[in-house]
Amino acid sequence: MELTILLALTFFLLMAWLFAKRGQNFPPGPNGLPIVGSIFALLNNPFQKLKEYADTYGPVYTLKIGPIWVIMLNDAATIQELFTTRSGEFSERPKLIADVTGFGENGIVLLPSGSYHKRQKKVAMSLFRDIGVGNEKFDHLLRPYLDSVMKSLPDNPCIVNIENVCSETVSNIIGGFTFGDKVYNDNSDVSQEIRKLIRQNFENNPILIVGNTYLPKKLCSLLGHFVDMENNISKMKKLLKRMMESHYFKKENKHQLNCFVPKYLEEYATSHAGEELWGNSKEENQLVGIIIDFFQAGCETTAVSLQWLLLLLAANPEVQTKIQQEIDDLFGEELPSLQQKSKLNYTVATMYESLRIRPSAPLGAPHCTKEDTTILGYQIPAGTPILSNLLSAQLNPQTFPDPHVFKPERFLDENGNICNLGSLLTFGTGPRTCLGEQLAKSILLSIVINILQKYTLRKKSEGCVDLSFQHGINLLATENELLFSPRTSQMDSEQG
Ligand code: HEM
C-alpha cells in the first residue's frame, strides 16, 4: 500500500514538474494531448503532418513531444537567419540526442559547438581535400567503384534493384574512402553488418527518437517503428574498432593508403609532437565517433539521394534525354570525368533539383539554443531543441514556384550557368553545415554520368514512377526498382 502511494506521489510530482514548463512563452503550435503532446499525431505520417502544421502555424511553430518543447522552422529565410546570421545562439546540439543514441559527445555531428568542434571539422575537411575530394584526384579515387557498379549492371534491358545498387555502391565508396578499399573489402561480413545497422537506425520514426528521451524503449517499440539506436551504435563502435585494430594499429600498415584513417593518425601525430593516438582512449573514441558519423550521416543520406535522383530521372524522360545529350557531346565514348564538371551544368542543375524536391535528411540534424534568446519576440530558454523542416522549406511556393514540378532549369540562368542555390538547404547552412557536401555531390554526379552514358532508365511497369516516400529519419523512397536499358538496345529507342 505504502509503495502504491509512493509511486502515485512520484508520478504526480513528475507530472507537476513536466507541466510547470507549459507556462513558458513559446511560439504557437498544436496543443496535442496532455502528457504525450503531439506524439500520436506524428506516428504514422510525420512529414505530412509536420507540413500541415507548417501550413497552419507558419514559418515558426512549437511542437510538444511529451514534455519536450521543440521549435520547428519551416522556411528558408528563417532557417538561414537563425543558423547562419545568428549562429552563435542557434548552433548548439541538444544533449538529449547524444544520450538517446549512445553517440556521446564524440565525432563531429554531436560535438558541442565551440573551438574543438571547429578544429575537428577543419582537420577533417583538409584531409578530405588531401584525399582528393573536390580536386583532380577524385576521378581516379572513384574509378574502381564506378567500374564495379557498371560491371554489376545488365547487358540487356533488365529490372534492377536500385536500392541495393545505391546502398552497396555508396557504402563501398565511403568505406574505402575511410579505411582504404582493401581493408573495407577484406572485412566484407563486417561491412554488411554495418550497412544493416545503419539502415535499421534510419528506419526509425524521428519523433520516437525524441520520445525515447522520456519514454521507456519498450513503450516506444509498441507505439511505432522504433529501433534501439543506442544498442545498434554500440555494436557499430565495436565492429569499427575491430576493423581498425586489425589493420592500422600495426605499425607497418600505418602510412600506406590514401584514405581518412591513416591520414588522421598521421595528422594527430604531427600536431601532438609525434605522440601516437592509439592507447589514448579519449582520442580513440573521438576517431571512432568521426567514422560513425561518416557511416551514419554520410552513407544512407547519399545512397537515398542517389536513389531519388535515379527515380526522378526515370519519371522525367525529357530531362534524362537532355543529360544524355550533354554527356554524349562532352565525352562521346570516353570515360566521363568530373574534371569537366563546369561543362555539365544541366546535369548539375538536375542533381540540385533532385536534392531540393527530395532532401534525404528532411529534418536536417537537430540544433538547440546555446543561451536564453528570442525568436520572433518569443522568449526561448537555453537548451531548447530546434528542428529545421527542410522538406517544407524546399517545397514552399514562395521560395520555389511550382514546387512539386521537377524543373532543373530553376537552377540555371539565361546563360546556362548554375544559379539560385541560396535557398537550397539540403546540406544545412551555417557553421553546422554538412561536412560531406562536396563528397556527396561528387559521388552523385560521377555515378549518374557513368550510368546515363550507357543506360536509359525507365519505370519498371505501366503507370507513373512511384515517387511517394515512407517515414523514417531519412526520406526513404517506396519504389526501389527501375528498368535499365543499355542505350544501344532496341527497347531503349522504342520506350524513349
Ligand atoms: C546527400 C548526402 C548528404 C546530405 C543530404 C547531408 C545532409 C546533412 C545535413 C542536413 C546536416 C545537418 C546540418 C545542420 O545541422 O544544420 C549534415 C551534417 C553533417 N554531415 Fe551530411 N549529408 C550528406 C552526406 C554526408 C557525407 C557523405 C558525410 C561524410 C562522409 C557527411 C557528414 C556530415 C557531418 C560530419 C555533419 C555534421 C556537421 C556539424 O555538426 O558540424 N554528410 N549533413
# chains A, B, ... in the order shown; residues from 1 in each chain; ligands from 1
call {"tool": "residues_around", "arguments": {"residues": "Asp372 (chain A)", "least_positions_apart": "3", "cutoff": "12 Å", "atoms": "only C-alpha atoms", "output": "PDB file with C-alpha atoms, in the first residue's frame"}}
result
ATOM      1  CA  GLY A  88      26.208  31.969 -32.090  1.00  0.00           C
ATOM      2  CA  GLU A  89      22.806  31.434 -30.422  1.00  0.00           C
ATOM      3  CA  PHE A  90      21.466  28.556 -32.549  1.00  0.00           C
ATOM      4  CA  CYS A 368      19.352  23.778 -29.847  1.00  0.00           C
ATOM      5  CA  THR A 369      19.650  27.223 -28.327  1.00  0.00           C
ATOM      6  CA  ILE A 375      12.621  34.067 -31.862  1.00  0.00           C
ATOM      7  CA  TYR A 378       9.151  34.895 -28.042  1.00  0.00           C
ATOM      8  CA  GLN A 379      11.499  34.146 -25.135  1.00  0.00           C
ATOM      9  CA  ILE A 380      13.226  30.814 -25.733  1.00  0.00           C
ATOM     10  CA  PRO A 381      15.312  29.281 -22.947  1.00  0.00           C
ATOM     11  CA  ALA A 382      18.806  27.842 -23.434  1.00  0.00           C
ATOM     12  CA  GLY A 383      18.823  24.178 -24.450  1.00  0.00           C
ATOM     13  CA  THR A 384      15.513  24.262 -26.399  1.00  0.00           C
TER      14      THR A 384
END
call {"tool": "residues_near_ligand", "arguments": {"ligand": "ligand 1", "cutoff": "6 Å", "atoms": "only C-alpha atoms and all ligand atoms", "output": "compact mmCIF listing (two decimals) with C-alpha atoms, in the first residue's frame"}}
result
# COMPACT_ATOMS: atom_id res chain seq x y z
CA ILE A 108 31.54 15.87 -35.27
CA VAL A 109 27.75 15.75 -35.65
CA ASP A 293 29.47 9.98 -38.40
CA PHE A 294 30.76 9.16 -41.89
CA ALA A 297 25.45 10.73 -41.52
CA GLY A 298 27.12 10.01 -44.86
CA THR A 301 21.85 10.09 -46.91
CA THR A 302 24.00 9.82 -50.05
CA SER A 305 19.76 10.84 -52.58
CA PRO A 359 16.04 16.11 -49.46
CA SER A 360 17.24 12.84 -47.97
CA ALA A 361 17.55 14.29 -44.44
CA GLY A 364 18.34 18.16 -41.03
CA ALA A 365 20.12 17.45 -37.77
CA THR A 426 19.57 20.13 -48.27
CA PHE A 427 23.01 20.15 -46.59
CA GLY A 428 22.06 22.70 -43.91
CA THR A 429 23.51 26.18 -43.52
CA ARG A 432 26.90 23.22 -38.71
CA THR A 433 26.55 22.72 -42.45
CA CYS A 434 27.30 19.21 -43.76
CA LEU A 435 30.97 18.19 -43.73
CA GLY A 436 30.42 15.76 -46.61
CA GLU A 437 28.54 18.05 -49.03
CA LEU A 439 31.97 14.45 -51.33
CA ALA A 440 28.28 13.54 -51.62
call {"tool": "residues_around", "arguments": {"residues": "Ser442 (chain A)", "least_positions_apart": "3", "cutoff": "9 Å", "atoms": "only C-alpha atoms", "output": "CSV table (one decimal) with C-alpha atoms, in the first residue's frame"}}
result
chain,number,residue,atom,x,y,z
A,133,VAL,CA,37.5,15.5,-52.7
A,134,GLY,CA,36.8,18.5,-54.9
A,138,PHE,CA,38.7,12.5,-57.4
A,338,LEU,CA,34.3,15.4,-63.1
A,437,GLU,CA,28.5,18.0,-49.0
A,438,GLN,CA,31.3,18.2,-51.6
A,439,LEU,CA,32.0,14.5,-51.3
A,445,LEU,CA,27.4,13.3,-60.2
A,446,SER,CA,30.0,10.7,-61.0
A,447,ILE,CA,27.6,7.8,-60.7
call {"tool": "residues_around", "arguments": {"residues": "Phe177 (chain A)", "least_positions_apart": "3", "cutoff": "10 Å", "atoms": "only C-alpha atoms", "output": "PDB file with C-alpha atoms, in the first residue's frame"}}
result
ATOM      1  CA  PHE A 128      39.117  15.246 -47.422  1.00  0.00           C
ATOM      2  CA  ILE A 131      42.483  12.528 -50.310  1.00  0.00           C
ATOM      3  CA  GLY A 132      41.002  14.094 -53.460  1.00  0.00           C
ATOM      4  CA  VAL A 133      37.545  15.498 -52.681  1.00  0.00           C
ATOM      5  CA  LEU A 141      39.789   7.747 -56.436  1.00  0.00           C
ATOM      6  CA  LEU A 142      36.318   6.744 -57.616  1.00  0.00           C
ATOM      7  CA  SER A 171      28.795   2.254 -48.629  1.00  0.00           C
ATOM      8  CA  ASN A 172      31.763   0.754 -50.536  1.00  0.00           C
ATOM      9  CA  ILE A 173      32.904   4.237 -51.584  1.00  0.00           C
ATOM     10  CA  ILE A 174      32.596   5.724 -48.087  1.00  0.00           C
ATOM     11  CA  GLY A 180      41.031   2.007 -47.819  1.00  0.00           C
ATOM     12  CA  ASP A 181      39.366  -0.233 -50.358  1.00  0.00           C
ATOM     13  CA  TYR A 184      36.954  -2.461 -46.089  1.00  0.00           C
ATOM     14  CA  LEU A 257      46.932   4.387 -48.009  1.00  0.00           C
ATOM     15  CA  ASN A 258      45.236   7.431 -49.456  1.00  0.00           C
ATOM     16  CA  CYS A 259      42.264   7.351 -47.087  1.00  0.00           C
ATOM     17  CA  PHE A 260      40.946   9.033 -43.966  1.00  0.00           C
ATOM     18  CA  VAL A 261      42.021   6.867 -41.016  1.00  0.00           C
ATOM     19  CA  PHE A 294      30.760   9.159 -41.889  1.00  0.00           C
TER      20      PHE A 294
END
call {"tool": "closest_residue", "arguments": {"among": "A:Ser113, A:Thr84, A:Asn480, A:Asn396", "to": "Ala314 (chain A)", "atoms": "only C-alpha atoms"}}
result
A:Asn480
call {"tool": "residues_around", "arguments": {"residues": "Gly29 (chain A)", "least_positions_apart": "5", "cutoff": "9 Å", "atoms": "only C-alpha atoms", "output": "list in words"}}
result
Tyr53, Thr56, Tyr57, Val60, Tyr61, Thr62, Leu63 and Lys64 of chain A
call {"tool": "closest_residue", "arguments": {"among": "A:Gln307, A:Asn135, A:Ser191, A:Asn164", "to": "Leu475 (chain A)", "atoms": "only C-alpha atoms"}}
result
A:Gln307
call {"tool": "closest_residue", "arguments": {"among": "A:Glu81, A:Leu311, A:Leu330, A:Gly107", "to": "Gln120 (chain A)", "atoms": "only C-alpha atoms"}}
result
A:Gly107
call {"tool": "select_by_dssp", "arguments": {"residues": "region 141-240 of chain A", "states": "strand (DSSP E or B)", "output": "list in words"}}
result
Cys158, Ile159, Val160 and Asn161 of chain A
call {"tool": "closest_residue", "arguments": {"among": "A:Tyr352, A:Leu208, A:Gln453, A:Pro366", "to": "Glu326 (chain A)", "atoms": "only C-alpha atoms"}}
result
A:Gln453
call {"tool": "atom_distance", "arguments": {"atom1": "CA of Gly37 (chain A)", "atom2": "CA of Ser468 (chain A)"}}
result
27.5 Å
call {"tool": "select_by_dssp", "arguments": {"residues": "region 25-75 of chain A", "states": "helix (DSSP H, G or I)", "output": "ChimeraX atom specification"}}
result
/A:40-42,46-57
call {"tool": "write_last_selection", "arguments": {"atoms": "C-alpha atoms", "output": "CSV table (one decimal), in the first residue's frame"}}
result
chain,number,residue,atom,x,y,z
A,40,PHE,CA,0.4,10.2,-31.5
A,41,ALA,CA,-0.5,12.6,-34.4
A,42,LEU,CA,3.1,12.2,-35.7
A,46,PRO,CA,5.2,12.5,-39.7
A,47,PHE,CA,6.3,14.6,-42.7
A,48,GLN,CA,2.8,15.1,-44.0
A,49,LYS,CA,1.6,16.1,-40.5
A,50,LEU,CA,4.5,18.5,-40.0
A,51,LYS,CA,3.7,20.1,-43.3
A,52,GLU,CA,0.1,20.5,-42.3
A,53,TYR,CA,1.2,22.2,-39.1
A,54,ALA,CA,3.5,24.5,-41.1
A,55,ASP,CA,0.6,25.5,-43.4
A,56,THR,CA,-1.5,26.3,-40.3
A,57,TYR,CA,1.1,28.0,-38.0
call {"tool": "closest_residue", "arguments": {"among": "A:Asn417, A:Ser354, A:Ser485, A:Asn280", "to": "Asn316 (chain A)", "atoms": "only C-alpha atoms"}}
result
A:Ser354
call {"tool": "atom_distance", "arguments": {"atom1": "CA of Lys370 (chain A)", "atom2": "CA of Ser91 (chain A)"}}
result
7.1 Å
call {"tool": "residues_around", "arguments": {"residues": "Leu424 (chain A)", "least_positions_apart": "6", "cutoff": "8 Å", "atoms": "only C-alpha atoms", "output": "PyMOL selection string"}}
result
chain A and resi 76+356+394
call {"tool": "closest_residue", "arguments": {"among": "A:Asn285, A:Leu306, A:Pro157, A:Asp75", "to": "Ile443 (chain A)", "atoms": "only C-alpha atoms"}}
result
A:Leu306
call {"tool": "decode", "arguments": {"residues": "region 292-308 of chain A", "atoms": "N, CA and C atoms", "output": "mmCIF file, in the first residue's frame"}}
result
data_model
loop_
_atom_site.group_PDB
_atom_site.id
_atom_site.type_symbol
_atom_site.label_atom_id
_atom_site.label_comp_id
_atom_site.auth_asym_id
_atom_site.auth_seq_id
_atom_site.Cartn_x
_atom_site.Cartn_y
_atom_site.Cartn_z
ATOM 1 N N ILE A 292 31.935 6.816 -37.253
ATOM 2 C CA ILE A 292 30.495 6.518 -37.159
ATOM 3 C C ILE A 292 29.708 7.631 -37.863
ATOM 4 N N ASP A 293 30.135 8.879 -37.689
ATOM 5 C CA ASP A 293 29.466 9.984 -38.404
ATOM 6 C C ASP A 293 29.501 9.761 -39.907
ATOM 7 N N PHE A 294 30.658 9.351 -40.432
ATOM 8 C CA PHE A 294 30.760 9.159 -41.889
ATOM 9 C C PHE A 294 29.748 8.118 -42.356
ATOM 10 N N PHE A 295 29.659 7.027 -41.584
ATOM 11 C CA PHE A 295 28.738 5.963 -41.985
ATOM 12 C C PHE A 295 27.293 6.367 -41.716
ATOM 13 N N GLN A 296 27.076 6.894 -40.504
ATOM 14 C CA GLN A 296 25.706 7.179 -40.083
ATOM 15 C C GLN A 296 25.155 8.409 -40.819
ATOM 16 N N ALA A 297 25.959 9.492 -40.884
ATOM 17 C CA ALA A 297 25.454 10.728 -41.518
ATOM 18 C C ALA A 297 25.717 10.719 -43.017
ATOM 19 N N GLY A 298 26.692 9.905 -43.470
ATOM 20 C CA GLY A 298 27.117 10.008 -44.865
ATOM 21 C C GLY A 298 26.547 8.956 -45.793
ATOM 22 N N CYS A 299 26.565 7.674 -45.362
ATOM 23 C CA CYS A 299 26.205 6.587 -46.296
ATOM 24 C C CYS A 299 24.754 6.627 -46.715
ATOM 25 N N GLU A 300 23.889 6.572 -45.709
ATOM 26 C CA GLU A 300 22.472 6.407 -46.029
ATOM 27 C C GLU A 300 21.919 7.653 -46.733
ATOM 28 N N THR A 301 22.335 8.849 -46.280
ATOM 29 C CA THR A 301 21.850 10.089 -46.913
ATOM 30 C C THR A 301 22.264 10.127 -48.388
ATOM 31 N N THR A 302 23.522 9.748 -48.670
ATOM 32 C CA THR A 302 23.996 9.817 -50.050
ATOM 33 C C THR A 302 23.329 8.731 -50.893
ATOM 34 N N ALA A 303 23.211 7.516 -50.316
ATOM 35 C CA ALA A 303 22.575 6.419 -51.067
ATOM 36 C C ALA A 303 21.121 6.754 -51.378
ATOM 37 N N VAL A 304 20.408 7.300 -50.383
ATOM 38 C CA VAL A 304 18.997 7.633 -50.599
ATOM 39 C C VAL A 304 18.884 8.769 -51.636
ATOM 40 N N SER A 305 19.793 9.740 -51.585
ATOM 41 C CA SER A 305 19.761 10.841 -52.579
ATOM 42 C C SER A 305 20.005 10.301 -53.980
ATOM 43 N N LEU A 306 20.901 9.325 -54.081
ATOM 44 C CA LEU A 306 21.185 8.732 -55.396
ATOM 45 C C LEU A 306 19.949 7.981 -55.904
ATOM 46 N N GLN A 307 19.307 7.256 -55.007
ATOM 47 C CA GLN A 307 18.102 6.512 -55.409
ATOM 48 C C GLN A 307 17.027 7.480 -55.914
ATOM 49 N N TRP A 308 16.839 8.608 -55.195
ATOM 50 C CA TRP A 308 15.845 9.602 -55.634
ATOM 51 C C TRP A 308 16.218 10.185 -56.998
#
